[in-house]
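Printed here is my_file_0.cif (mmCIF, C-alpha atoms and all ligand atoms):
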data_protein
loop_
_atom_site.group_PDB
_atom_site.id
_atom_site.type_symbol
_atom_site.label_atom_id
_atom_site.label_comp_id
_atom_site.auth_asym_id
_atom_site.auth_seq_id
_atom_site.Cartn_x
_atom_site.Cartn_y
_atom_site.Cartn_z
ATOM 1 C CA MET S 1 -17.264 39.060 5.117
ATOM 2 C CA MET S 2 -14.089 38.562 7.150
ATOM 3 C CA ALA S 3 -12.539 35.082 7.062
ATOM 4 C CA LYS S 4 -13.091 33.122 10.250
ATOM 5 C CA PRO S 5 -9.795 32.726 12.164
ATOM 6 C CA ASP S 6 -8.595 29.191 12.885
ATOM 7 C CA VAL S 7 -9.515 28.439 16.469
ATOM 8 C CA ILE S 8 -8.110 25.570 18.528
ATOM 9 C CA ASP S 9 -10.790 23.849 20.583
ATOM 10 C CA GLU S 10 -9.112 23.232 23.926
ATOM 11 C CA SER S 11 -11.631 20.586 24.956
ATOM 12 C CA ASN S 12 -10.459 18.383 22.061
ATOM 13 C CA LEU S 13 -6.757 18.479 22.958
ATOM 14 C CA ASP S 14 -5.026 15.294 24.080
ATOM 15 C CA PRO S 15 -2.118 16.182 26.399
ATOM 16 C CA ASN S 16 -0.869 12.591 26.182
ATOM 17 C CA LEU S 17 -0.169 12.686 22.461
ATOM 18 C CA LYS S 18 3.353 14.085 22.887
ATOM 19 C CA TYR S 19 4.204 11.326 25.377
ATOM 20 C CA GLU S 20 2.779 8.672 23.071
ATOM 21 C CA ILE S 21 4.929 10.013 20.231
ATOM 22 C CA SER S 22 8.047 10.297 22.389
ATOM 23 C CA ASN S 23 7.592 6.659 23.452
ATOM 24 C CA GLN S 24 7.483 5.580 19.823
ATOM 25 C CA LEU S 25 10.747 4.610 18.108
ATOM 26 C CA GLY S 26 11.949 7.732 16.254
ATOM 27 C CA GLY S 27 9.721 10.158 18.140
ATOM 28 C CA GLU S 28 11.867 10.393 21.283
ATOM 29 C CA ASN S 29 12.995 14.024 20.834
ATOM 30 C CA ILE S 30 9.718 15.712 19.854
ATOM 31 C CA LYS S 31 9.536 17.723 23.087
ATOM 32 C CA ARG S 32 12.879 19.395 22.293
ATOM 33 C CA CYS S 33 11.380 21.399 19.394
ATOM 34 C CA PHE S 34 11.509 25.145 20.053
ATOM 35 C CA GLN S 35 9.762 26.077 16.784
ATOM 36 C CA CYS S 36 12.679 27.808 15.053
ATOM 37 C CA GLY S 37 11.435 26.785 11.578
ATOM 38 C CA THR S 38 14.828 25.562 10.280
ATOM 39 C CA CYS S 39 13.209 22.283 9.236
ATOM 40 C CA VAL S 40 10.667 24.098 7.070
ATOM 41 C CA ALA S 41 13.339 26.212 5.395
ATOM 42 C CA SER S 42 15.280 23.008 4.547
ATOM 43 C CA CYS S 43 12.342 20.974 3.280
ATOM 44 C CA PRO S 44 12.053 20.262 -0.492
ATOM 45 C CA ILE S 45 8.440 19.102 -0.103
ATOM 46 C CA TRP S 46 7.489 22.413 1.536
ATOM 47 C CA GLU S 47 9.011 24.183 -1.473
ATOM 48 C CA ILE S 48 6.577 22.323 -3.730
ATOM 49 C CA ASP S 49 3.557 22.424 -1.426
ATOM 50 C CA GLU S 50 3.564 24.919 1.439
ATOM 51 C CA ARG S 51 0.759 23.027 3.160
ATOM 52 C CA PHE S 52 3.411 20.451 4.174
ATOM 53 C CA ASN S 53 5.049 22.148 7.125
ATOM 54 C CA PRO S 54 6.991 19.938 9.555
ATOM 55 C CA ARG S 55 7.249 22.718 12.162
ATOM 56 C CA LYS S 56 3.464 23.110 12.176
ATOM 57 C CA ILE S 57 2.846 19.361 12.431
ATOM 58 C CA ILE S 58 5.195 19.190 15.422
ATOM 59 C CA ARG S 59 3.502 22.186 17.069
ATOM 60 C CA MET S 60 0.073 20.624 16.591
ATOM 61 C CA ALA S 61 1.337 17.322 18.017
ATOM 62 C CA LEU S 62 2.818 19.087 21.059
ATOM 63 C CA LEU S 63 -0.476 20.888 21.637
ATOM 64 C CA GLY S 64 -2.295 17.544 21.536
ATOM 65 C CA MET S 65 -4.319 18.000 18.350
ATOM 66 C CA ARG S 66 -4.648 14.266 18.023
ATOM 67 C CA GLU S 67 -7.241 13.856 15.317
ATOM 68 C CA GLU S 68 -5.896 16.695 13.159
ATOM 69 C CA VAL S 69 -2.337 15.333 13.296
ATOM 70 C CA LEU S 70 -3.043 11.615 12.901
ATOM 71 C CA SER S 71 -5.558 12.034 10.097
ATOM 72 C CA SER S 72 -3.458 14.596 8.238
ATOM 73 C CA GLU S 73 -2.352 13.527 4.765
ATOM 74 C CA PHE S 74 0.814 15.581 5.316
ATOM 75 C CA ILE S 75 2.407 13.164 7.777
ATOM 76 C CA TRP S 76 2.767 10.820 4.781
ATOM 77 C CA LEU S 77 4.401 13.357 2.466
ATOM 78 C CA CYS S 78 7.891 13.417 4.007
ATOM 79 C CA SER S 79 10.322 12.117 1.371
ATOM 80 C CA LYS S 80 12.883 11.061 4.015
ATOM 81 C CA CYS S 81 15.579 13.240 2.484
ATOM 82 C CA TYR S 82 17.104 13.990 5.925
ATOM 83 C CA ALA S 83 17.816 17.675 5.066
ATOM 84 C CA CYS S 84 15.934 18.875 8.158
ATOM 85 C CA TYR S 85 17.365 16.095 10.302
ATOM 86 C CA GLU S 86 20.894 17.393 9.682
ATOM 87 C CA ARG S 87 20.013 21.033 10.386
ATOM 88 C CA CYS S 88 17.667 20.920 13.352
ATOM 89 C CA PRO S 89 19.484 22.679 16.251
ATOM 90 C CA GLN S 90 17.565 20.590 18.776
ATOM 91 C CA ASP S 91 18.214 17.175 17.240
ATOM 92 C CA VAL S 92 14.480 16.517 16.939
ATOM 93 C CA ARG S 93 15.213 13.987 14.138
ATOM 94 C CA ILE S 94 12.164 15.055 12.161
ATOM 95 C CA THR S 95 12.564 12.396 9.464
ATOM 96 C CA GLU S 96 12.162 9.602 11.989
ATOM 97 C CA LEU S 97 9.580 11.573 13.913
ATOM 98 C CA MET S 98 7.296 11.732 10.858
ATOM 99 C CA GLY S 99 7.571 7.930 10.613
ATOM 100 C CA ALA S 100 6.747 7.608 14.320
ATOM 101 C CA ILE S 101 3.600 9.728 13.939
ATOM 102 C CA ALA S 102 2.571 7.770 10.838
ATOM 103 C CA SER S 103 3.011 4.470 12.752
ATOM 104 C CA ILE S 104 0.677 5.703 15.496
ATOM 105 C CA ALA S 105 -1.892 6.740 12.848
ATOM 106 C CA GLU S 106 -1.729 3.260 11.312
ATOM 107 C CA ARG S 107 -2.149 1.609 14.704
ATOM 108 C CA GLU S 108 -5.335 3.612 15.305
ATOM 109 C CA GLY S 109 -6.923 1.544 12.520
ATOM 110 C CA GLY S 110 -10.574 2.487 11.873
ATOM 111 C CA ASN S 111 -10.564 5.225 14.554
ATOM 112 C CA ILE S 112 -8.623 7.559 12.287
ATOM 113 C CA ALA S 113 -9.457 8.209 8.645
ATOM 114 C CA ILE S 114 -6.105 8.023 6.822
ATOM 115 C CA LYS S 115 -6.499 10.211 3.742
ATOM 116 C CA SER S 116 -3.253 9.284 2.026
ATOM 117 C CA THR S 117 -2.821 6.276 -0.272
ATOM 118 C CA LYS S 118 0.888 6.137 0.604
ATOM 119 C CA PRO S 119 0.564 3.559 3.428
ATOM 120 C CA ILE S 120 -1.062 1.144 0.961
ATOM 121 C CA PHE S 121 1.880 1.458 -1.445
ATOM 122 C CA ASP S 122 4.319 1.272 1.489
ATOM 123 C CA LYS S 123 2.686 -1.983 2.575
ATOM 124 C CA ALA S 124 2.870 -3.445 -0.945
ATOM 125 C CA PHE S 125 6.575 -2.459 -1.078
ATOM 126 C CA VAL S 126 7.345 -3.995 2.328
ATOM 127 C CA ASN S 127 5.478 -7.214 1.410
ATOM 128 C CA SER S 128 7.658 -7.512 -1.661
ATOM 129 C CA ILE S 129 10.867 -7.018 0.342
ATOM 130 C CA ARG S 130 9.681 -9.595 2.853
ATOM 131 C CA LYS S 131 8.911 -12.141 0.131
ATOM 132 C CA TYR S 132 11.824 -11.622 -2.253
ATOM 133 C CA GLY S 133 14.402 -9.537 -0.376
ATOM 134 C CA ARG S 134 14.028 -6.788 -2.979
ATOM 135 C CA ASN S 135 11.271 -4.815 -4.611
ATOM 136 C CA PHE S 136 9.412 -6.754 -7.315
ATOM 137 C CA GLU S 137 8.006 -3.629 -8.981
ATOM 138 C CA MET S 138 5.331 -5.424 -11.003
ATOM 139 C CA ALA S 139 3.674 -6.868 -7.875
ATOM 140 C CA THR S 140 4.092 -3.654 -5.862
ATOM 141 C CA ILE S 141 2.451 -1.566 -8.583
ATOM 142 C CA ILE S 142 -0.382 -4.042 -9.237
ATOM 143 C CA ASN S 143 -1.183 -4.495 -5.524
ATOM 144 C CA GLY S 144 -0.905 -0.760 -4.781
ATOM 145 C CA VAL S 145 -3.030 0.371 -7.742
ATOM 146 C CA LEU S 146 -5.642 -2.361 -7.169
ATOM 147 C CA ALA S 147 -6.029 -1.333 -3.535
ATOM 148 C CA THR S 148 -6.291 2.387 -4.270
ATOM 149 C CA LYS S 149 -7.950 2.626 -7.689
ATOM 150 C CA GLY S 150 -9.583 -0.764 -8.243
ATOM 151 C CA ILE S 151 -9.551 -2.848 -11.406
ATOM 152 C CA LYS S 152 -10.595 0.102 -13.600
ATOM 153 C CA GLY S 153 -7.650 2.127 -12.349
ATOM 154 C CA LEU S 154 -5.321 -0.795 -12.973
ATOM 155 C CA LEU S 155 -6.570 -1.220 -16.537
ATOM 156 C CA SER S 156 -5.853 2.449 -17.228
ATOM 157 C CA TYR S 157 -2.135 1.712 -16.687
ATOM 158 C CA VAL S 158 -1.962 -1.326 -18.984
ATOM 159 C CA SER S 159 -0.481 0.498 -21.977
ATOM 160 C CA ASP S 160 2.125 2.274 -19.763
ATOM 161 C CA GLY S 161 2.947 -1.131 -18.300
ATOM 162 C CA PHE S 162 3.556 -2.633 -21.736
ATOM 163 C CA THR S 163 5.789 0.298 -22.720
ATOM 164 C CA MET S 164 7.858 -0.182 -19.568
ATOM 165 C CA LEU S 165 8.063 -3.927 -20.168
ATOM 166 C CA LYS S 166 9.261 -3.369 -23.737
ATOM 167 C CA LYS S 167 11.945 -0.964 -22.527
ATOM 168 C CA GLY S 168 13.094 -3.469 -19.911
ATOM 169 C CA LYS S 169 12.088 -1.154 -17.048
ATOM 170 C CA LEU S 170 9.820 -3.779 -15.476
ATOM 171 C CA GLY S 171 10.569 -7.424 -14.810
ATOM 172 C CA LEU S 172 7.947 -10.126 -15.317
ATOM 173 C CA ARG S 173 9.377 -12.449 -12.714
ATOM 174 C CA PRO S 174 10.662 -11.638 -9.221
ATOM 175 C CA GLU S 175 14.317 -12.226 -8.422
ATOM 176 C CA LYS S 176 14.886 -13.470 -4.905
ATOM 177 C CA VAL S 177 18.041 -12.539 -3.010
ATOM 178 C CA LYS S 178 20.194 -15.517 -2.039
ATOM 179 C CA GLU S 179 20.270 -14.915 1.710
ATOM 180 C CA MET S 180 16.574 -14.760 2.519
ATOM 181 C CA SER S 181 17.344 -15.836 6.099
ATOM 182 C CA GLN S 182 19.033 -12.454 6.648
ATOM 183 C CA ILE S 183 15.937 -10.629 5.399
ATOM 184 C CA GLU S 184 13.761 -12.696 7.739
ATOM 185 C CA GLY S 185 16.161 -11.835 10.589
ATOM 186 C CA ILE S 186 15.802 -8.092 9.867
ATOM 187 C CA PHE S 187 11.999 -8.284 9.942
ATOM 188 C CA LYS S 188 12.086 -10.351 13.130
ATOM 189 C CA ALA S 189 14.379 -7.832 14.835
ATOM 190 C CA LEU S 190 12.098 -4.953 13.768
ATOM 191 C CA GLU S 191 9.009 -6.705 15.094
ATOM 192 C CA GLU S 192 10.670 -7.303 18.447
ATOM 193 C CA LYS S 193 11.396 -3.571 18.894
HETATM 194 S S1 LIG S 201 14.336 22.666 13.130
HETATM 195 FE FE1 LIG S 201 14.030 21.413 14.947
HETATM 196 S S2 LIG S 201 13.695 22.858 16.623
HETATM 197 FE FE2 LIG S 201 13.448 23.974 14.706
HETATM 198 S S3 LIG S 201 11.206 23.884 14.301
HETATM 199 FE FE3 LIG S 201 12.123 22.189 13.210
HETATM 200 S S4 LIG S 201 12.027 20.471 14.648
HETATM 201 FE FE4 LIG S 201 11.681 22.327 15.827
HETATM 202 S S1 LIG S 202 13.133 14.645 5.822
HETATM 203 FE FE1 LIG S 202 10.978 15.066 5.337
HETATM 204 S S2 LIG S 202 10.408 16.834 6.578
HETATM 205 FE FE2 LIG S 202 12.652 16.714 6.545
HETATM 206 S S3 LIG S 202 13.315 18.056 4.896
HETATM 207 FE FE3 LIG S 202 13.153 15.997 4.033
HETATM 208 S S4 LIG S 202 11.055 15.850 3.244
HETATM 209 FE FE4 LIG S 202 11.104 17.636 4.607
#

Output the file's structure in the form of structure tokens.
Amino acid sequence: MMAKPDVIDESNLDPNLKYEISNQLGGENIKRCFQCGTCVASCPIWEIDERFNPRKIIRMALLGMREEVLSSEFIWLCSKCYACYERCPQDVRITELMGAIASIAEREGGNIAIKSTKPIFDKAFVNSIRKYGRNFEMATIINGVLATKGIKGLLSYVSDGFTMLKKGKLGLRPEKVKEMSQIEGIFKALEEK
């Protein structure tokens, strides 16, 4: 039997998606993309997993494939290496664009099923920066693993945790930066944007 071709259902397209993304900080230049594929050829994540294809994600977003784009686990895979950002002939700024799309997916809340666990770890990381001014790895790991794998999952890492503690790779207590007011100022400025 012949494989069924992928078909785009026109009735499900959202023509406003590209405007929503271009109004989001970092997504401004999405409409400049002319699909040359330079970003894909530069991408180290694509080299590991060809399903992560920034050109394709951008094309789908421009077409208005809202649900497919926002619920895709691939929008969370970008490692922010900036290789594509430097090479894109249209200055699409893909690195920031991926963040812009991910922010819209997060804002959708329960309407979109986010398949990646990355936003949970991102949140645990940001909470730590907000509280201490730097990453307190112990708390980030515990909060991230608890939220994604539950107590059983956390217990499965206990022996690795002890090994890391013994080697001095994990701290037991957080170290706060001295100028916490500057950290608070950064978060305030970001929230006002
Ligand atoms: S390199 Fe830029 S113009 Fe080319 S496909 Fe990627 S985003 Fe589009
Ligand atoms: S910034 Fe993201 S999309 Fe661009 S090359 Fe790096 S990993 Fe790939």

Item to check | Best match for closeness to Lys131 (chain S) among S:Ala189, S:Val177, S:Leu146, S:Ile104, counting all atoms listed in the file | outcome: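 Going through S:Ala189, S:Val177, S:Leu146, S:Ile104 one by one, the smallest distance to Lys131 (chain S) is for S:Val177.
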
Each residue of chain S with at least one atom at most 6 Å from ligand LIG 202 (chain S) should appear once, together with its nearest atom pair and the corresponding distance in Å (one decimal); atoms considered: all atoms listed in the file; ordering: chain, then increasing residue number; output as CSV.
residue,atom,partner,partner_atom,distance
S:Ser42,CA,S:LIG202,S3,5.3
S:Cys43,CA,S:LIG202,S3,3.5
S:Pro44,CA,S:LIG202,FE4,5.8
S:Ile45,CA,S:LIG202,S4,5.3
S:Pro54,CA,S:LIG202,S2,5.5
S:Cys78,CA,S:LIG202,FE1,3.7
S:Ser79,CA,S:LIG202,S4,4.2
S:Lys80,CA,S:LIG202,S1,4.0
S:Cys81,CA,S:LIG202,FE3,4.0
S:Tyr82,CA,S:LIG202,S1,4.0
S:Ala83,CA,S:LIG202,S3,4.5
S:Cys84,CA,S:LIG202,FE2,4.2
S:Ile94,CA,S:LIG202,FE2,5.9
S:Thr95,CA,S:LIG202,S1,4.3

Item to check | Hits from the PyMOL selection byres (((chain S and resi 114) around 12) and not hetatm), listed as a list of chain:residue names | outcome: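 Checking the PyMOL selection byres (((chain S and resi 114) around 12) and not hetatm) against this file, the residues are S:Glu67, S:Glu68, S:Val69, S:Leu70, S:Ser71, S:Ser72, S:Glu73, S:Phe74, S:Ile75, S:Trp76, S:Ala102, S:Ser103, S:Ile104, S:Ala105, S:Glu106, S:Arg107, S:Glu108, S:Gly109, S:Gly110, S:Asn111, S:Ile112, S:Ala113, S:Lys115, S:Ser116, S:Thr117, S:Lys118, S:Pro119, S:Ile120.
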
Next on the checklist: Using only C-alpha atoms, can you tell me which of S:Phe121, S:Met180, S:Met138, S:Thr148 comes closest to Gly168 (chain S)?
Outcome noted: S:Met138

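With distances taken over all atoms listed in the file, S:Gly27 is the one residue among S:Gly27, S:Gly150, S:Gly64, S:Gly161 lying closest to ligand LIG 201 (chain S).
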
Next on the checklist: Please report the interatomic distance between CA of Asp14 (chain S) and atom FE3 of ligand LIG 201 (chain S) in Å with one decimal.
Outcome noted: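 Straight-line distance from CA of Asp14 (chain S) to atom FE3 of ligand LIG 201 (chain S) works out to 21.4 Å.
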
Take every atom of region 114-130 of chain S listed in the file, pad by 6 Å on each side, and give me the axis-aligned box centre and edge lengths in Å, one decimal, as JSON.
{"center_x": 2.2, "center_y": 0.3, "center_z": 2.6, "size_x": 29.4, "size_y": 31.8, "size_z": 20.5}
